[in-house]
$ cat start-v1.cif   # mmCIF, N, CA and C atoms
data_final
loop_
_atom_site.label_atom_id
_atom_site.label_comp_id
_atom_site.auth_asym_id
_atom_site.auth_seq_id
_atom_site.Cartn_x
_atom_site.Cartn_y
_atom_site.Cartn_z
N GLN O 1 103.69 74.33 56.71
CA GLN O 1 104.03 74.61 55.32
C GLN O 1 105.31 75.44 55.28
N VAL O 2 106.27 74.98 54.50
CA VAL O 2 107.53 75.69 54.36
C VAL O 2 107.34 76.80 53.33
N GLN O 3 107.71 78.01 53.71
CA GLN O 3 107.48 79.13 52.80
C GLN O 3 108.49 80.24 53.02
N LEU O 4 108.97 80.81 51.95
CA LEU O 4 109.80 82.00 51.94
C LEU O 4 109.31 82.88 50.80
N VAL O 5 108.88 84.07 51.13
CA VAL O 5 108.37 84.98 50.11
C VAL O 5 109.13 86.30 50.20
N GLU O 6 109.95 86.57 49.18
CA GLU O 6 110.72 87.81 49.12
C GLU O 6 109.99 88.83 48.27
N SER O 7 110.13 90.09 48.62
CA SER O 7 109.49 91.16 47.85
C SER O 7 110.27 92.45 48.04
N GLY O 8 109.93 93.45 47.21
CA GLY O 8 110.52 94.77 47.36
C GLY O 8 111.57 95.14 46.33
N GLY O 9 111.92 94.21 45.47
CA GLY O 9 112.92 94.51 44.46
C GLY O 9 112.38 95.45 43.39
N GLY O 10 113.27 95.85 42.50
CA GLY O 10 112.87 96.73 41.42
C GLY O 10 114.07 97.33 40.73
N LEU O 11 113.78 98.30 39.87
CA LEU O 11 114.82 99.01 39.13
C LEU O 11 115.08 100.35 39.83
N VAL O 12 116.33 100.63 40.10
CA VAL O 12 116.68 101.87 40.79
C VAL O 12 117.97 102.42 40.19
N GLN O 13 118.12 103.71 40.24
CA GLN O 13 119.34 104.34 39.73
C GLN O 13 120.48 104.20 40.74
N PRO O 14 121.70 104.23 40.26
CA PRO O 14 122.84 104.21 41.20
C PRO O 14 122.70 105.31 42.24
N GLY O 15 122.99 104.94 43.49
CA GLY O 15 122.83 105.86 44.59
C GLY O 15 121.48 105.79 45.26
N GLY O 16 120.56 105.08 44.64
CA GLY O 16 119.21 104.98 45.19
C GLY O 16 119.09 103.95 46.29
N SER O 17 117.86 103.76 46.75
CA SER O 17 117.59 102.86 47.87
C SER O 17 116.43 101.93 47.55
N LEU O 18 116.45 100.78 48.18
CA LEU O 18 115.34 99.83 48.15
C LEU O 18 115.26 99.15 49.50
N ARG O 19 114.07 98.71 49.84
CA ARG O 19 113.87 97.95 51.07
C ARG O 19 113.23 96.62 50.71
N LEU O 20 113.96 95.55 50.94
CA LEU O 20 113.47 94.21 50.67
C LEU O 20 112.82 93.63 51.92
N SER O 21 111.82 92.79 51.69
CA SER O 21 111.15 92.10 52.79
C SER O 21 111.08 90.62 52.49
N CYS O 22 111.06 89.84 53.54
CA CYS O 22 110.94 88.38 53.40
C CYS O 22 110.05 87.87 54.53
N VAL O 23 109.00 87.19 54.15
CA VAL O 23 108.13 86.53 55.13
C VAL O 23 108.43 85.04 55.08
N ALA O 24 108.74 84.50 56.23
CA ALA O 24 109.11 83.09 56.31
C ALA O 24 108.11 82.31 57.16
N SER O 25 107.97 81.05 56.87
CA SER O 25 107.14 80.20 57.71
C SER O 25 107.86 79.99 59.05
N GLY O 26 107.09 79.69 60.06
CA GLY O 26 107.67 79.51 61.38
C GLY O 26 108.70 78.41 61.44
N SER O 27 108.50 77.39 60.64
CA SER O 27 109.44 76.26 60.64
C SER O 27 110.83 76.68 60.19
N ILE O 28 110.91 77.74 59.42
CA ILE O 28 112.21 78.24 58.98
C ILE O 28 112.70 79.33 59.92
N PHE O 29 111.81 80.25 60.29
CA PHE O 29 112.21 81.47 60.97
C PHE O 29 112.51 81.28 62.46
N SER O 30 111.68 80.49 63.11
CA SER O 30 111.77 80.38 64.57
C SER O 30 113.13 79.86 65.02
N GLY O 31 113.77 80.64 65.86
CA GLY O 31 115.04 80.20 66.44
C GLY O 31 116.22 80.25 65.51
N ALA O 32 116.02 80.79 64.32
CA ALA O 32 117.10 80.74 63.32
C ALA O 32 117.81 82.07 63.14
N ILE O 33 119.09 81.97 62.85
CA ILE O 33 119.80 83.12 62.30
C ILE O 33 119.33 83.24 60.86
N MET O 34 118.78 84.37 60.50
CA MET O 34 118.28 84.58 59.15
C MET O 34 119.27 85.41 58.35
N ALA O 35 119.25 85.20 57.05
CA ALA O 35 120.24 85.88 56.19
C ALA O 35 119.63 86.25 54.85
N TRP O 36 120.29 87.19 54.21
CA TRP O 36 120.00 87.53 52.82
C TRP O 36 121.20 87.08 51.97
N TYR O 37 120.86 86.58 50.80
CA TYR O 37 121.85 86.16 49.82
C TYR O 37 121.49 86.80 48.48
N ARG O 38 122.42 86.79 47.55
CA ARG O 38 122.11 87.28 46.21
C ARG O 38 122.86 86.45 45.18
N GLN O 39 122.30 86.45 43.99
CA GLN O 39 122.89 85.64 42.92
C GLN O 39 122.70 86.34 41.59
N THR O 40 123.76 86.32 40.79
CA THR O 40 123.70 86.82 39.42
C THR O 40 123.94 85.64 38.48
N PRO O 41 123.47 85.73 37.24
CA PRO O 41 123.62 84.61 36.30
C PRO O 41 125.07 84.17 36.16
N GLY O 42 125.27 82.87 36.25
CA GLY O 42 126.59 82.31 36.07
C GLY O 42 127.48 82.34 37.29
N LYS O 43 126.97 82.88 38.37
CA LYS O 43 127.75 82.96 39.60
C LYS O 43 127.05 82.23 40.73
N GLU O 44 127.83 81.84 41.72
CA GLU O 44 127.25 81.18 42.88
C GLU O 44 126.50 82.20 43.75
N ARG O 45 125.54 81.68 44.47
CA ARG O 45 124.81 82.53 45.41
C ARG O 45 125.78 83.00 46.49
N GLU O 46 125.74 84.28 46.82
CA GLU O 46 126.68 84.82 47.79
C GLU O 46 125.95 85.42 48.99
N PHE O 47 126.59 85.33 50.12
CA PHE O 47 126.07 85.87 51.37
C PHE O 47 126.10 87.39 51.34
N VAL O 48 125.03 88.00 51.86
CA VAL O 48 124.95 89.46 51.94
C VAL O 48 124.97 89.93 53.40
N ALA O 49 124.07 89.38 54.20
CA ALA O 49 123.96 89.84 55.59
C ALA O 49 123.19 88.80 56.40
N SER O 50 123.41 88.79 57.70
CA SER O 50 122.67 87.89 58.58
C SER O 50 122.30 88.61 59.86
N ILE O 51 121.30 88.04 60.55
CA ILE O 51 120.86 88.61 61.82
C ILE O 51 120.42 87.49 62.74
N SER O 52 120.88 87.54 63.98
CA SER O 52 120.52 86.53 64.96
C SER O 52 119.16 86.87 65.57
N ILE O 53 118.67 85.96 66.40
CA ILE O 53 117.39 86.18 67.06
C ILE O 53 117.44 87.43 67.94
N SER O 54 118.58 87.66 68.54
CA SER O 54 118.73 88.80 69.44
C SER O 54 119.10 90.08 68.72
N GLY O 55 119.33 89.99 67.40
CA GLY O 55 119.60 91.19 66.63
C GLY O 55 121.05 91.44 66.27
N TYR O 56 121.90 90.48 66.58
CA TYR O 56 123.31 90.64 66.18
C TYR O 56 123.40 90.51 64.67
N THR O 57 124.08 91.45 64.04
CA THR O 57 124.14 91.48 62.58
C THR O 57 125.57 91.27 62.07
N TYR O 58 125.63 90.78 60.86
CA TYR O 58 126.91 90.56 60.20
C TYR O 58 126.73 90.82 58.71
N TYR O 59 127.72 91.49 58.10
CA TYR O 59 127.59 91.90 56.71
C TYR O 59 128.78 91.47 55.87
N ALA O 60 128.53 91.21 54.62
CA ALA O 60 129.61 91.04 53.66
C ALA O 60 130.32 92.38 53.51
N ASN O 61 131.61 92.34 53.27
CA ASN O 61 132.38 93.59 53.16
C ASN O 61 131.84 94.48 52.05
N SER O 62 131.32 93.86 51.00
CA SER O 62 130.86 94.63 49.85
C SER O 62 129.63 95.49 50.14
N VAL O 63 128.91 95.19 51.21
CA VAL O 63 127.69 95.95 51.51
C VAL O 63 127.75 96.66 52.86
N LYS O 64 128.81 96.44 53.59
CA LYS O 64 128.93 97.02 54.92
C LYS O 64 128.86 98.54 54.85
N GLY O 65 128.04 99.12 55.71
CA GLY O 65 127.87 100.57 55.71
C GLY O 65 126.80 101.08 54.77
N ARG O 66 126.32 100.22 53.88
CA ARG O 66 125.26 100.62 52.93
C ARG O 66 123.96 99.87 53.17
N PHE O 67 124.05 98.62 53.59
CA PHE O 67 122.87 97.78 53.81
C PHE O 67 122.64 97.59 55.30
N THR O 68 121.37 97.46 55.66
CA THR O 68 121.00 97.19 57.05
C THR O 68 119.96 96.07 57.08
N ILE O 69 120.27 95.02 57.81
CA ILE O 69 119.33 93.90 57.97
C ILE O 69 118.60 94.07 59.30
N SER O 70 117.32 93.70 59.29
CA SER O 70 116.53 93.75 60.52
C SER O 70 115.51 92.62 60.49
N ARG O 71 114.92 92.33 61.63
CA ARG O 71 113.92 91.27 61.68
C ARG O 71 112.82 91.64 62.66
N ASP O 72 111.64 91.11 62.38
CA ASP O 72 110.49 91.26 63.27
C ASP O 72 110.08 89.85 63.67
N ASN O 73 110.48 89.44 64.86
CA ASN O 73 110.24 88.07 65.29
C ASN O 73 108.75 87.75 65.46
N ALA O 74 107.95 88.75 65.72
CA ALA O 74 106.51 88.53 65.88
C ALA O 74 105.82 88.26 64.55
N LYS O 75 106.45 88.73 63.47
CA LYS O 75 105.83 88.58 62.14
C LYS O 75 106.62 87.66 61.22
N ASN O 76 107.62 86.97 61.76
CA ASN O 76 108.45 86.06 60.94
C ASN O 76 108.97 86.76 59.69
N THR O 77 109.42 87.99 59.86
CA THR O 77 109.82 88.81 58.72
C THR O 77 111.24 89.31 58.88
N VAL O 78 111.94 89.34 57.77
CA VAL O 78 113.29 89.89 57.72
C VAL O 78 113.30 90.97 56.64
N HIS O 79 113.99 92.06 56.93
CA HIS O 79 114.09 93.15 55.97
C HIS O 79 115.55 93.41 55.61
N LEU O 80 115.75 94.00 54.44
CA LEU O 80 117.07 94.44 54.05
C LEU O 80 116.93 95.84 53.45
N GLN O 81 117.38 96.83 54.19
CA GLN O 81 117.40 98.20 53.70
C GLN O 81 118.69 98.42 52.94
N MET O 82 118.57 98.77 51.68
CA MET O 82 119.74 98.92 50.81
C MET O 82 119.84 100.37 50.38
N ASN O 83 120.90 101.02 50.77
CA ASN O 83 121.15 102.41 50.40
C ASN O 83 122.40 102.52 49.55
N SER O 84 122.56 103.66 48.90
CA SER O 84 123.75 103.90 48.07
C SER O 84 124.01 102.73 47.12
N LEU O 85 122.97 102.31 46.46
CA LEU O 85 123.07 101.13 45.59
C LEU O 85 124.01 101.38 44.43
N LYS O 86 124.72 100.31 44.05
CA LYS O 86 125.68 100.34 42.96
C LYS O 86 125.25 99.35 41.88
N PRO O 87 125.70 99.53 40.66
CA PRO O 87 125.36 98.57 39.61
C PRO O 87 125.75 97.13 39.98
N GLU O 88 126.84 96.97 40.70
CA GLU O 88 127.27 95.62 41.09
C GLU O 88 126.37 94.99 42.14
N ASP O 89 125.41 95.72 42.67
CA ASP O 89 124.42 95.14 43.58
C ASP O 89 123.29 94.46 42.81
N THR O 90 123.28 94.61 41.49
CA THR O 90 122.25 93.98 40.67
C THR O 90 122.31 92.47 40.83
N ALA O 91 121.19 91.87 41.20
CA ALA O 91 121.13 90.43 41.45
C ALA O 91 119.70 90.05 41.83
N VAL O 92 119.47 88.77 41.92
CA VAL O 92 118.25 88.27 42.56
C VAL O 92 118.59 88.04 44.03
N TYR O 93 117.77 88.58 44.90
CA TYR O 93 118.02 88.51 46.34
C TYR O 93 117.09 87.48 46.97
N TYR O 94 117.66 86.66 47.83
CA TYR O 94 116.93 85.60 48.52
C TYR O 94 117.15 85.72 50.02
N CYS O 95 116.18 85.28 50.78
CA CYS O 95 116.39 85.14 52.22
C CYS O 95 116.25 83.67 52.61
N ASN O 96 116.88 83.32 53.70
CA ASN O 96 116.80 81.96 54.19
C ASN O 96 117.54 81.90 55.53
N LYS O 97 117.55 80.74 56.13
CA LYS O 97 118.40 80.55 57.29
C LYS O 97 119.85 80.75 56.87
N GLU O 98 120.66 81.20 57.79
CA GLU O 98 122.08 81.33 57.48
C GLU O 98 122.69 79.97 57.17
N SER O 99 122.12 78.92 57.75
CA SER O 99 122.65 77.57 57.58
C SER O 99 122.11 76.86 56.35
N ALA O 100 121.27 77.53 55.58
CA ALA O 100 120.65 76.87 54.41
C ALA O 100 121.70 76.45 53.40
N ARG O 101 121.47 75.27 52.82
CA ARG O 101 122.35 74.78 51.77
C ARG O 101 121.65 74.91 50.43
N MET O 102 122.37 74.75 49.35
CA MET O 102 121.80 74.96 48.03
C MET O 102 120.64 74.02 47.74
N ASN O 103 120.65 72.82 48.30
CA ASN O 103 119.57 71.88 48.02
C ASN O 103 118.43 71.95 49.03
N ASP O 104 118.47 72.94 49.91
CA ASP O 104 117.33 73.20 50.80
C ASP O 104 116.26 73.97 50.03
N TYR O 105 115.12 74.17 50.67
CA TYR O 105 114.05 74.96 50.06
C TYR O 105 114.48 76.42 49.99
N TRP O 106 114.23 77.04 48.82
CA TRP O 106 114.46 78.48 48.63
C TRP O 106 113.23 79.10 47.99
N GLY O 107 112.97 80.34 48.31
CA GLY O 107 111.89 81.05 47.66
C GLY O 107 112.27 81.48 46.26
N GLN O 108 111.41 82.25 45.63
CA GLN O 108 111.67 82.68 44.25
C GLN O 108 112.61 83.87 44.17
N GLY O 109 112.82 84.53 45.28
CA GLY O 109 113.71 85.69 45.27
C GLY O 109 113.03 86.93 44.73
N THR O 110 113.74 88.05 44.82
CA THR O 110 113.24 89.30 44.27
C THR O 110 114.38 89.99 43.50
N GLN O 111 114.07 90.43 42.31
CA GLN O 111 115.10 90.98 41.41
C GLN O 111 115.39 92.44 41.76
N VAL O 112 116.67 92.74 41.90
CA VAL O 112 117.12 94.11 42.10
C VAL O 112 118.01 94.48 40.92
N ALA O 113 117.68 95.58 40.27
CA ALA O 113 118.46 96.06 39.14
C ALA O 113 118.87 97.51 39.40
N VAL O 114 120.17 97.76 39.35
CA VAL O 114 120.68 99.11 39.59
C VAL O 114 121.32 99.60 38.30
N SER O 115 120.66 100.57 37.70
CA SER O 115 121.12 101.04 36.39
C SER O 115 120.62 102.45 36.14
N SER O 116 121.41 103.20 35.39
CA SER O 116 120.98 104.54 35.01
C SER O 116 120.30 104.51 33.65
#
$ encode --input "start-v1.cif" --output "structure tokens"
Amino acid sequence: QVQLVESGGGLVQPGGSLRLSCVASGSIFSGAIMAWYRQTPGKEREFVASISISGYTYYANSVKGRFTISRDNAKNTVHLQMNSLKPEDTAVYYCNKESARMNDYWGQGTQVAVSS
């Protein structure tokens, strides 16, 4: 069964933190570089961060130094620790393979809202 379940979003004040989690089915997670993406209304989904099986990470410039991606290969789980959040980080956050295309399976995402 193909599955991606994101959680951990919410409303936070600027400067605050959130930790997102994503549980993926083995068919997606196993052997894959996993990534987080985000999307706001009217804009294309954008890359946020990725992590290889061995733990090599890569970040979009807009989140570098504030976000940390991690994975638990035993639990098919990917996390995104988000610190020093800004209003421009407001979006729906999704996880998937780094190679996922728009017409591939995607989960429902988790909403992050940064506002005072």
$ select_by_dssp --input "start-v1.cif" --residues "range 2-83 of chain O" --states "strand (DSSP E or B)" --output "NGL selection string"
:O and (4-7 or 10-12 or 18-24 or 34-39 or 46-51 or 57-59 or 67-72 or 77-82)
$ closest_residue --input "start-v1.cif" --among "O:Thr40, O:Asn96, O:Asn103, O:Asn73" --to "Ile53 in chain O" --atoms "only N, CA and C atoms"
O:Asn73
$ closest_residue --input "start-v1.cif" --among "O:Gly109, O:Lys75, O:Pro14, O:Leu80" --to "Tyr94 in chain O" --atoms "only C-alpha atoms"
O:Gly109
$ resolve_selection --input "start-v1.cif" --expression "the PyMOL selection byres (((chain O and resi 79 and name CA) around 7) and name CA)" --output "list in words"
Arg19, Leu20, Ser21, Cys22, Ile69, Ser70, Arg71, Thr77, Val78, Leu80 and Gln81 of chain O
$ residues_around --input "start-v1.cif" --residues "Lys97 in chain O" --least-positions-apart "5" --cutoff "8 Å" --atoms "only N, CA and C atoms" --output "list in words"
Ile28, Phe29, Ala32, Ile33, Met34, Ala35, Trp36 and Ser50 of chain O
$ atom_distance --input "start-v1.cif" --atom1 "CA of Tyr59 in chain O" --atom2 "atom C of Ala91 in chain O"
16.9 Å
$ resolve_selection --input "start-v1.cif" --expression "the PyMOL selection byres ((chain O and resi 26) around 7)" --output "list of chain:residue names"
O:Gln1, O:Val2, O:Gln3, O:Ala24, O:Ser25, O:Ser27, O:Ile28, O:Phe29, O:Ser30, O:Asn76
$ resolve_selection --input "start-v1.cif" --expression "the PyMOL selection byres (((chain O and resi 84 and name CA) around 10) and name CA)" --output "VMD selection string"
chain O and resid 13 to 18 63 65 to 67 82 to 83 85 to 86 89
$ atom_distance --input "start-v1.cif" --atom1 "atom C of Pro87 in chain O" --atom2 "CA of Gln108 in chain O"
20.6 Å
$ atom_distance --input "start-v1.cif" --atom1 "CA of Cys95 in chain O" --atom2 "atom C of Ser7 in chain O"
10.4 Å
$ residues_around --input "start-v1.cif" --residues "Val12 in chain O" --least-positions-apart "4" --cutoff "7 Å" --atoms "all atoms listed in the file" --output "list in words"
Gly16, Ser17, Val112, Ala113, Val114, Ser115 and Ser116 of chain O
$ closest_residue --input "start-v1.cif" --among "O:Arg38, O:Val23, O:Gly10, O:Val48" --to "Val92 in chain O" --atoms "only N, CA and C atoms"
O:Arg38
$ closest_residue --input "start-v1.cif" --among "O:Glu6, O:Glu88, O:Asp104, O:Glu98" --to "Ile51 in chain O" --atoms "only C-alpha atoms"
O:Glu98
$ decode --input "start-v1.cif" --residues "range 1-25 of chain O" --atoms "N, CA, C and O atoms" --output "JSON list (two decimals), in the first residue's frame"
[["chain", "number", "residue", "atom", "x", "y", "z"],
["O", 1, "GLN", "N", 0.84, -1.19, 0.00],
["O", 1, "GLN", "CA", 0.00, 0.00, 0.00],
["O", 1, "GLN", "C", 0.88, 1.24, 0.00],
["O", 1, "GLN", "O", 1.76, 1.39, 0.82],
["O", 2, "VAL", "N", 0.63, 2.13, -0.94],
["O", 2, "VAL", "CA", 1.38, 3.38, -1.02],
["O", 2, "VAL", "C", 0.79, 4.37, -0.03],
["O", 2, "VAL", "O", -0.41, 4.61, -0.02],
["O", 3, "GLN", "N", 1.65, 4.93, 0.80],
["O", 3, "GLN", "CA", 1.14, 5.83, 1.83],
["O", 3, "GLN", "C", 2.18, 6.86, 2.23],
["O", 3, "GLN", "O", 3.36, 6.54, 2.36],
["O", 4, "LEU", "N", 1.74, 8.08, 2.41],
["O", 4, "LEU", "CA", 2.53, 9.18, 2.96],
["O", 4, "LEU", "C", 1.63, 9.93, 3.92],
["O", 4, "LEU", "O", 0.58, 10.42, 3.51],
["O", 5, "VAL", "N", 2.02, 9.99, 5.17],
["O", 5, "VAL", "CA", 1.21, 10.68, 6.17],
["O", 5, "VAL", "C", 2.07, 11.72, 6.88],
["O", 5, "VAL", "O", 2.97, 11.37, 7.63],
["O", 6, "GLU", "N", 1.77, 12.99, 6.61],
["O", 6, "GLU", "CA", 2.49, 14.10, 7.24],
["O", 6, "GLU", "C", 1.73, 14.59, 8.46],
["O", 6, "GLU", "O", 0.50, 14.58, 8.47],
["O", 7, "SER", "N", 2.46, 15.04, 9.46],
["O", 7, "SER", "CA", 1.84, 15.56, 10.67],
["O", 7, "SER", "C", 2.78, 16.55, 11.34],
["O", 7, "SER", "O", 3.95, 16.66, 10.98],
["O", 8, "GLY", "N", 2.24, 17.28, 12.33],
["O", 8, "GLY", "CA", 3.06, 18.17, 13.13],
["O", 8, "GLY", "C", 2.90, 19.65, 12.83],
["O", 8, "GLY", "O", 3.50, 20.48, 13.52],
["O", 9, "GLY", "N", 2.12, 19.98, 11.83],
["O", 9, "GLY", "CA", 1.93, 21.38, 11.50],
["O", 9, "GLY", "C", 1.07, 22.09, 12.54],
["O", 9, "GLY", "O", 0.53, 21.47, 13.47],
["O", 10, "GLY", "N", 0.94, 23.39, 12.36],
["O", 10, "GLY", "CA", 0.13, 24.17, 13.27],
["O", 10, "GLY", "C", 0.39, 25.65, 13.11],
["O", 10, "GLY", "O", 1.06, 26.07, 12.16],
["O", 11, "LEU", "N", -0.15, 26.41, 14.04],
["O", 11, "LEU", "CA", 0.01, 27.86, 14.05],
["O", 11, "LEU", "C", 1.10, 28.22, 15.06],
["O", 11, "LEU", "O", 1.04, 27.77, 16.22],
["O", 12, "VAL", "N", 2.06, 29.01, 14.64],
["O", 12, "VAL", "CA", 3.16, 29.38, 15.52],
["O", 12, "VAL", "C", 3.52, 30.84, 15.26],
["O", 12, "VAL", "O", 3.33, 31.35, 14.14],
["O", 13, "GLN", "N", 4.02, 31.50, 16.27],
["O", 13, "GLN", "CA", 4.45, 32.89, 16.11],
["O", 13, "GLN", "C", 5.81, 32.97, 15.42],
["O", 13, "GLN", "O", 6.60, 32.02, 15.48],
["O", 14, "PRO", "N", 6.08, 34.08, 14.77],
["O", 14, "PRO", "CA", 7.41, 34.25, 14.17],
["O", 14, "PRO", "C", 8.50, 34.03, 15.22],
["O", 14, "PRO", "O", 8.38, 34.48, 16.36],
["O", 15, "GLY", "N", 9.54, 33.31, 14.80],
["O", 15, "GLY", "CA", 10.61, 32.95, 15.70],
["O", 15, "GLY", "C", 10.41, 31.63, 16.41],
["O", 15, "GLY", "O", 11.33, 31.13, 17.06],
["O", 16, "GLY", "N", 9.22, 31.07, 16.28],
["O", 16, "GLY", "CA", 8.92, 29.81, 16.94],
["O", 16, "GLY", "C", 9.43, 28.60, 16.19],
["O", 16, "GLY", "O", 10.11, 28.72, 15.15],
["O", 17, "SER", "N", 9.10, 27.43, 16.71],
["O", 17, "SER", "CA", 9.58, 26.17, 16.14],
["O", 17, "SER", "C", 8.44, 25.18, 15.98],
["O", 17, "SER", "O", 7.45, 25.21, 16.72],
["O", 18, "LEU", "N", 8.61, 24.30, 15.02],
["O", 18, "LEU", "CA", 7.72, 23.16, 14.81],
["O", 18, "LEU", "C", 8.55, 21.99, 14.34],
["O", 18, "LEU", "O", 9.60, 22.17, 13.71],
["O", 19, "ARG", "N", 8.07, 20.79, 14.63],
["O", 19, "ARG", "CA", 8.72, 19.57, 14.15],
["O", 19, "ARG", "C", 7.70, 18.77, 13.36],
["O", 19, "ARG", "O", 6.70, 18.30, 13.90],
["O", 20, "LEU", "N", 7.95, 18.63, 12.07],
["O", 20, "LEU", "CA", 7.08, 17.87, 11.20],
["O", 20, "LEU", "C", 7.56, 16.43, 11.11],
["O", 20, "LEU", "O", 8.75, 16.16, 11.19],
["O", 21, "SER", "N", 6.60, 15.53, 10.94],
["O", 21, "SER", "CA", 6.92, 14.11, 10.76],
["O", 21, "SER", "C", 6.21, 13.57, 9.54],
["O", 21, "SER", "O", 5.12, 14.04, 9.19],
["O", 22, "CYS", "N", 6.80, 12.58, 8.94],
["O", 22, "CYS", "CA", 6.20, 11.92, 7.78],
["O", 22, "CYS", "C", 6.47, 10.44, 7.87],
["O", 22, "CYS", "O", 7.63, 10.02, 7.96],
["O", 23, "VAL", "N", 5.42, 9.66, 7.85],
["O", 23, "VAL", "CA", 5.55, 8.20, 7.80],
["O", 23, "VAL", "C", 5.22, 7.75, 6.39],
["O", 23, "VAL", "O", 4.16, 8.10, 5.85],
["O", 24, "ALA", "N", 6.14, 7.02, 5.81],
["O", 24, "ALA", "CA", 5.98, 6.58, 4.42],
["O", 24, "ALA", "C", 5.90, 5.06, 4.34],
["O", 24, "ALA", "O", 6.47, 4.35, 5.17],
["O", 25, "SER", "N", 5.21, 4.57, 3.35],
["O", 25, "SER", "CA", 5.21, 3.14, 3.11],
["O", 25, "SER", "C", 6.58, 2.72, 2.60],
["O", 25, "SER", "O", 7.32, 3.51, 2.03]]
